[in-house]
Amino acid sequence: MRVLLIGVAVLLGGSLLSLLPLSRESKSSVIYGGCFATCLVLSAMALVGVAGDASSAVLPLGLPWLGAHFHLDALAAVFLVIVNLGGAAASFYALGYGAHEHEPMRVLPFYPAFLAGMNLVILAADAYSFLFSWELMSLASWALVMAHHRDAGTTRAGYVYLMMASFGTFALLLAFGFLAGPGGAFAFDAITQHVLSPGVGAIVLALAFIGAGSKAGLVPLHVWLPLAHPAAPSHVSALMSGVMTKVAVYAFIRIVFELMGAPAWWWGLPALLLGGITAALGVLYALMETDIKRILAYSTIENIGIIFAALGLALAFKAAGMGDAGALAVTAALFHAANHMLFKSTLFFGAGTIIVATGEQDVERLGGLIHRMPISSSAFLIAALAISSLPPFNGFASEWLVFQGILVSPHLPRMALKLLVPAVGVLLALSAALAAACFVRAFGAAYLGRARTAAAAAAREADVWSVSSMVVCATLCLLTGIFPGAVIDWMQPAAVALVGGRMPPQLDIAWFSIAPVSASRSSYNGFLIFVFLVLAASFAAWVVHRVASRAMRRAPFWDCGYPGAGPIAQYSATSLAQPIRRVFATVAFDAHEQVDMPLPGDQRPATIHRFMRDPVWEFAYAPVAAGVGWMARWMNRLQFLTIRRYLSAVFVTLILLLLVLAIWG
Amino acid sequence: MSAFSLDVAHMFAGGLVLVSFMMLYQDRLFPLINALSLHSFLLALSVAWQAHIQNTPDLYVTALISIGFKTLAVPMALRRMVEKMGLHREIEAAVRTGLTMLVGIGLVGLSMDLMLRVTAGASVLVREDIALALSVVLLGLLIMVTRRNAISQVIGFMSLENGLILAGTGARGMPLVVEISVAFSVLIAFIVIGIFLFRIRERFDTVDVRALDSFRGERR
């Protein structure tokens, strides 16, 4: 425990270190190198800490009568590994990527503070230190979002993010207030003793959804995420998308599974519903986007939906007393959280290398990068396969576990859950398929085909730090996909603590198979699939090279009868998404097209316009914004009162408060 | 503590409330300044009595500050200011005097009712003292709110501060440091308001705060 806290202190010290008058390059490498080493140490300790005993510490900080409580248990250790592994990868990547930063002093002081904040949220064991660390994390990440404040849209992104972050923290603050009860016992172990009445439980659950969900990007609280994550520098985007959303998931788990006590049967319903809707809508949004980082941000929303659906399932199982099934669902959620950290980091790193190499973010202005950036494109491809949940990568393993959990759901006692869970399963399956389409589109448009712009044609492979960080993450995606049993077994202490049951040990099963419920029911073997894929591919390659003619011919490609088609005439990302847009987005986003076809003899070009509306923004946010604006205008009058009226306002308020005290005191 | 010392303490504190009411109906400047003088003098007596019965000699310093500064210096300065600026000696009230008095009586009733209940556990001396002190504070605020003249707002502020001191000394004596810092902050406030008065006067030829509003182009 002490070492962990020292590590966090080192990170905080790094923030101060960045203020020293050193040269730009040395400062950048010292900070990122230090963050890398610290995160690596912290994640190694947490990796061992999952199975180890819980430990805690109380520091004389924060509220004087409370102190700052810190606690490391299995759940915290799992998330510490996620945070610090992601942090280490991002720091290593930034050793190269950070050199391209124009104003490094806008990033360097906040980056270690951001990492420290996330670590502290997970270690905190009382409401005060939790919220303090949560705000540290939010504010540091806000400062990082604002790093490129001169770019168009960044200030708006920062503003929306700040609004949503404060709103979420406010909800969490209220939730902890309810949890602590009138006695105001804010330490977590005291909160767990406090039994909530059903009504208060419902309120706290709603507040936890708002507070943690707004940070994680749960629909309809997701609007800041696709604005803010892409606006930050790419290694920070990777951290925000891959890691910070997991911290929010952690907050949700901590509050709902542990602090709120025994769940009612319906607690899982909102998580399941919101999770399913979030997954489907998130990936639909992603399919409509052409900005590579926004595609990735929306895909984060989709994955958060999957994680929340699994958590809802776990809640339902836990409430029904099905501990082992609950352990399956919780493990699926935790596993997917870890996996998402790995592949989303790789993907954002890839987006960063693209931006450095070409200066472009729009996939419609890229193309053909696989020839010029071979290593980073293969890492991107692996991560894209993993996030599309294709075997033998890790995304498949965790999503498969989620579906195994859904298949157990008919054993649930409540009819509502029996009916709802398969429907959510359909939504998740749909979103998994759409995610595959989304990443075919993203990878195809950016890396395949011919370069659409001169900048894309002149791209170079990124520096060795960035590329090696991507390769390591992609390798981890493959390894955890081949040997999921090791990860599942490693996570079991957390599952036991959360739902009281555990999955059968997986590493005992021969040939690295995993069998989440029992071997007779279903099992999956990533290792054998991988071996088979490698063998089949090698055999095919051997056959091709053996049988095919060695004489290579170069000939013009078939141009469909339209000679001289430039790279712009290639199949584009938008055209690839058109069928999906017509099928799904017509309903979801009211999408329609308008073709402007000039008459024969008219010289102007034909154009096609797409129209789309965001229902969430129009129905949930625009009215609130209008209401706030109206109230602000109304309250603006208060600014122009006379001195005497200000005094009277103070006086009348005082008298009213005294009267309240006199009547009800 | 004997009943006699308790009675004397109450007499002084009640006298403060009474003088506050006097201020409330004064509609000329010099009598109002005299009333402030009397108010501060009564405060000094009350504090000195507290020092005597509580055996806390540093409260005598508080009493001396009150006499020297608030009973003599400030009223004198205010009087000079009024003469130098050749002000109208009448104060225009925003609310009619009778109504103000009624509100004042209501406020005293409210603070009595409230404070006697809230401080149920404390000693008798403290309870009465704090209740009367709150009345003085509220009456000071009322003076500030109901008058349009800047000088009378200063006076309301000073009497409000007297109420605070009364509360502080009643509650087992205020540490001298706090007292001195409060005195200094009031001094600063006085200087600031004084400068502010001269500036208004220089610019608008009146100390009616309505001039400020019309300068800002506000409707009233």
# chains A, B, ... in the order shown; residues from 1 in each chain; ligands from 1

$ interface_residues --of "chain A" --to "chain B" --cutoff "9 Å" --atoms "only C-alpha atoms" --output "VMD selection string"
chain A and resid 640 to 648 651 654 to 655 658 to 659 661 to 663 665

$ select_by_dssp --residues "segment 137-312 of chain A" --states "helix (DSSP H, G or I)" --output "ChimeraX atom specification"
/A:137-148,154-180,188-193,198-216,225-231,234-259,265-288,292-312

$ residues_around --residues "Gly326 of chain A" --least-positions-apart "5" --cutoff "12 Å" --atoms "only C-alpha atoms" --output "number ranges by chain"
A: 257, 268, 310-321, 331-333, 401-402, 404-406, 408-409, 411-412, 492, 494-503, 516-517

$ residues_around --residues "Thr169 of chain B" --least-positions-apart "5" --cutoff "12 Å" --atoms "only C-alpha atoms" --output "ChimeraX atom specification"
/B:9,13,43-54,56-63,125-126,129-130,133,162-164,174-176,178-179

$ atom_distance --atom1 "atom CA of Phe209 of chain A" --atom2 "atom CA of Pro230 of chain A"
23.9 Å

$ residues_around --residues "Thr192 of chain A" --least-positions-apart "6" --cutoff "10 Å" --atoms "only C-alpha atoms" --output "list in words"
Leu179, Ala180, Ile255, Glu258, Leu259, Met260, Gly261 and Ala262 of chain A

$ write_last_selection --atoms "N, CA and C atoms" --output "tab-separated table (two decimals), in the first residue's frame"
chain	number	residue	atom	x	y	z
A	179	LEU	N	-25.65	7.95	0.62
A	179	LEU	CA	-25.04	6.70	1.11
A	179	LEU	C	-24.58	6.85	2.55
A	180	ALA	N	-24.01	8.02	2.86
A	180	ALA	CA	-23.46	8.19	4.20
A	180	ALA	C	-24.57	8.36	5.23
A	255	ILE	N	-19.78	1.71	-6.19
A	255	ILE	CA	-20.97	2.24	-5.51
A	255	ILE	C	-22.10	1.22	-5.52
A	258	GLU	N	-20.94	-2.56	-4.12
A	258	GLU	CA	-20.40	-2.71	-2.78
A	258	GLU	C	-21.05	-1.76	-1.78
A	259	LEU	N	-21.03	-0.45	-2.08
A	259	LEU	CA	-21.46	0.51	-1.07
A	259	LEU	C	-22.95	0.47	-0.84
A	260	MET	N	-23.75	0.12	-1.87
A	260	MET	CA	-25.20	0.17	-1.71
A	260	MET	C	-25.75	-1.07	-1.05
A	261	GLY	N	-24.92	-2.07	-0.86
A	261	GLY	CA	-25.40	-3.26	-0.17
A	261	GLY	C	-26.13	-4.21	-1.11
A	262	ALA	N	-27.00	-5.04	-0.54
A	262	ALA	CA	-27.65	-6.09	-1.33
A	262	ALA	C	-28.58	-5.47	-2.36

$ atom_distance --atom1 "atom CA of Leu29 of chain B" --atom2 "atom CA of Gly98 of chain B"
18.4 Å

$ atom_distance --atom1 "atom CA of Val426 of chain A" --atom2 "atom CA of Leu533 of chain A"
28.2 Å

$ residues_around --residues "segment 291-297 of chain A" --least-positions-apart "4" --cutoff "6 Å" --atoms "only C-alpha atoms" --output "PyMOL selection string"
chain A and resi 226+230+286+361-363

$ residues_around --residues "Ile31 of chain A" --least-positions-apart "4" --cutoff "10 Å" --atoms "only C-alpha atoms" --output "PyMOL selection string"
chain A and resi 11+13-15+17-18+26-27+35-37+91+94-95+108-109+111-112

$ closest_residue --among "A:His229, A:Arg637, A:Arg2, A:Lys344" --to "Tyr161 of chain A" --atoms "only C-alpha atoms"
A:His229

$ closest_residue --among "A:Phe611, A:Tyr285, A:Tyr571, A:Trp266" --to "Arg441 of chain A" --atoms "only C-alpha atoms"
A:Tyr571

$ decode --residues "segment 310-368 of chain A" --atoms "C-alpha atoms" --output "PDB file, in the first residue's frame"
ATOM      1  CA  ALA A 310     -22.687  -7.144 -18.502  1.00  0.00           C
ATOM      2  CA  LEU A 311     -22.730  -5.305 -15.179  1.00  0.00           C
ATOM      3  CA  GLY A 312     -26.523  -5.121 -15.280  1.00  0.00           C
ATOM      4  CA  LEU A 313     -26.623  -8.835 -15.904  1.00  0.00           C
ATOM      5  CA  ALA A 314     -24.314  -9.384 -12.945  1.00  0.00           C
ATOM      6  CA  LEU A 315     -26.588  -7.268 -10.750  1.00  0.00           C
ATOM      7  CA  ALA A 316     -29.595  -9.318 -11.807  1.00  0.00           C
ATOM      8  CA  PHE A 317     -27.776 -12.575 -11.050  1.00  0.00           C
ATOM      9  CA  LYS A 318     -26.529 -11.236  -7.734  1.00  0.00           C
ATOM     10  CA  ALA A 319     -30.013 -10.161  -6.687  1.00  0.00           C
ATOM     11  CA  ALA A 320     -31.355 -13.600  -7.623  1.00  0.00           C
ATOM     12  CA  GLY A 321     -28.665 -15.260  -5.517  1.00  0.00           C
ATOM     13  CA  MET A 322     -26.949 -16.845  -8.525  1.00  0.00           C
ATOM     14  CA  GLY A 323     -23.401 -16.098  -7.430  1.00  0.00           C
ATOM     15  CA  ASP A 324     -21.573 -18.174 -10.005  1.00  0.00           C
ATOM     16  CA  ALA A 325     -23.532 -16.763 -12.936  1.00  0.00           C
ATOM     17  CA  GLY A 326     -22.974 -13.301 -11.485  1.00  0.00           C
ATOM     18  CA  ALA A 327     -19.260 -14.014 -11.356  1.00  0.00           C
ATOM     19  CA  LEU A 328     -19.402 -14.928 -15.039  1.00  0.00           C
ATOM     20  CA  ALA A 329     -21.064 -11.619 -15.951  1.00  0.00           C
ATOM     21  CA  VAL A 330     -18.795  -9.551 -13.719  1.00  0.00           C
ATOM     22  CA  THR A 331     -15.722 -11.272 -15.096  1.00  0.00           C
ATOM     23  CA  ALA A 332     -16.978 -10.581 -18.607  1.00  0.00           C
ATOM     24  CA  ALA A 333     -17.370  -6.892 -17.760  1.00  0.00           C
ATOM     25  CA  LEU A 334     -13.947  -6.602 -16.129  1.00  0.00           C
ATOM     26  CA  PHE A 335     -12.299  -8.597 -18.899  1.00  0.00           C
ATOM     27  CA  HIS A 336     -13.899  -6.433 -21.555  1.00  0.00           C
ATOM     28  CA  ALA A 337     -12.838  -3.295 -19.685  1.00  0.00           C
ATOM     29  CA  ALA A 338      -9.231  -4.498 -19.685  1.00  0.00           C
ATOM     30  CA  ASN A 339      -9.425  -5.531 -23.327  1.00  0.00           C
ATOM     31  CA  HIS A 340     -10.949  -2.271 -24.383  1.00  0.00           C
ATOM     32  CA  MET A 341      -8.098  -0.441 -22.674  1.00  0.00           C
ATOM     33  CA  LEU A 342      -5.616  -2.478 -24.722  1.00  0.00           C
ATOM     34  CA  PHE A 343      -7.157  -2.185 -28.165  1.00  0.00           C
ATOM     35  CA  LYS A 344      -8.552   1.315 -27.843  1.00  0.00           C
ATOM     36  CA  SER A 345      -5.131   2.568 -26.737  1.00  0.00           C
ATOM     37  CA  THR A 346      -3.565   0.918 -29.774  1.00  0.00           C
ATOM     38  CA  LEU A 347      -6.177   2.423 -32.062  1.00  0.00           C
ATOM     39  CA  PHE A 348      -5.740   5.937 -30.672  1.00  0.00           C
ATOM     40  CA  PHE A 349      -1.971   5.531 -30.906  1.00  0.00           C
ATOM     41  CA  GLY A 350      -2.515   4.571 -34.543  1.00  0.00           C
ATOM     42  CA  ALA A 351      -4.681   7.637 -35.084  1.00  0.00           C
ATOM     43  CA  GLY A 352      -1.904   9.702 -33.528  1.00  0.00           C
ATOM     44  CA  THR A 353       0.729   8.291 -35.876  1.00  0.00           C
ATOM     45  CA  ILE A 354      -1.588   9.055 -38.811  1.00  0.00           C
ATOM     46  CA  ILE A 355      -2.037  12.638 -37.649  1.00  0.00           C
ATOM     47  CA  VAL A 356       1.699  13.096 -37.159  1.00  0.00           C
ATOM     48  CA  ALA A 357       2.492  11.540 -40.539  1.00  0.00           C
ATOM     49  CA  THR A 358      -0.153  13.300 -42.617  1.00  0.00           C
ATOM     50  CA  GLY A 359      -1.674  16.111 -40.568  1.00  0.00           C
ATOM     51  CA  GLU A 360      -5.082  14.753 -41.490  1.00  0.00           C
ATOM     52  CA  GLN A 361      -7.801  13.341 -39.229  1.00  0.00           C
ATOM     53  CA  ASP A 362     -10.478  12.822 -41.829  1.00  0.00           C
ATOM     54  CA  VAL A 363     -10.349   9.279 -43.203  1.00  0.00           C
ATOM     55  CA  GLU A 364     -11.731  10.613 -46.489  1.00  0.00           C
ATOM     56  CA  ARG A 365      -8.422  12.429 -46.977  1.00  0.00           C
ATOM     57  CA  LEU A 366      -6.215   9.429 -46.194  1.00  0.00           C
ATOM     58  CA  GLY A 367      -5.709   6.110 -47.944  1.00  0.00           C
ATOM     59  CA  GLY A 368      -2.896   3.764 -48.886  1.00  0.00           C
TER      60      GLY A 368
END
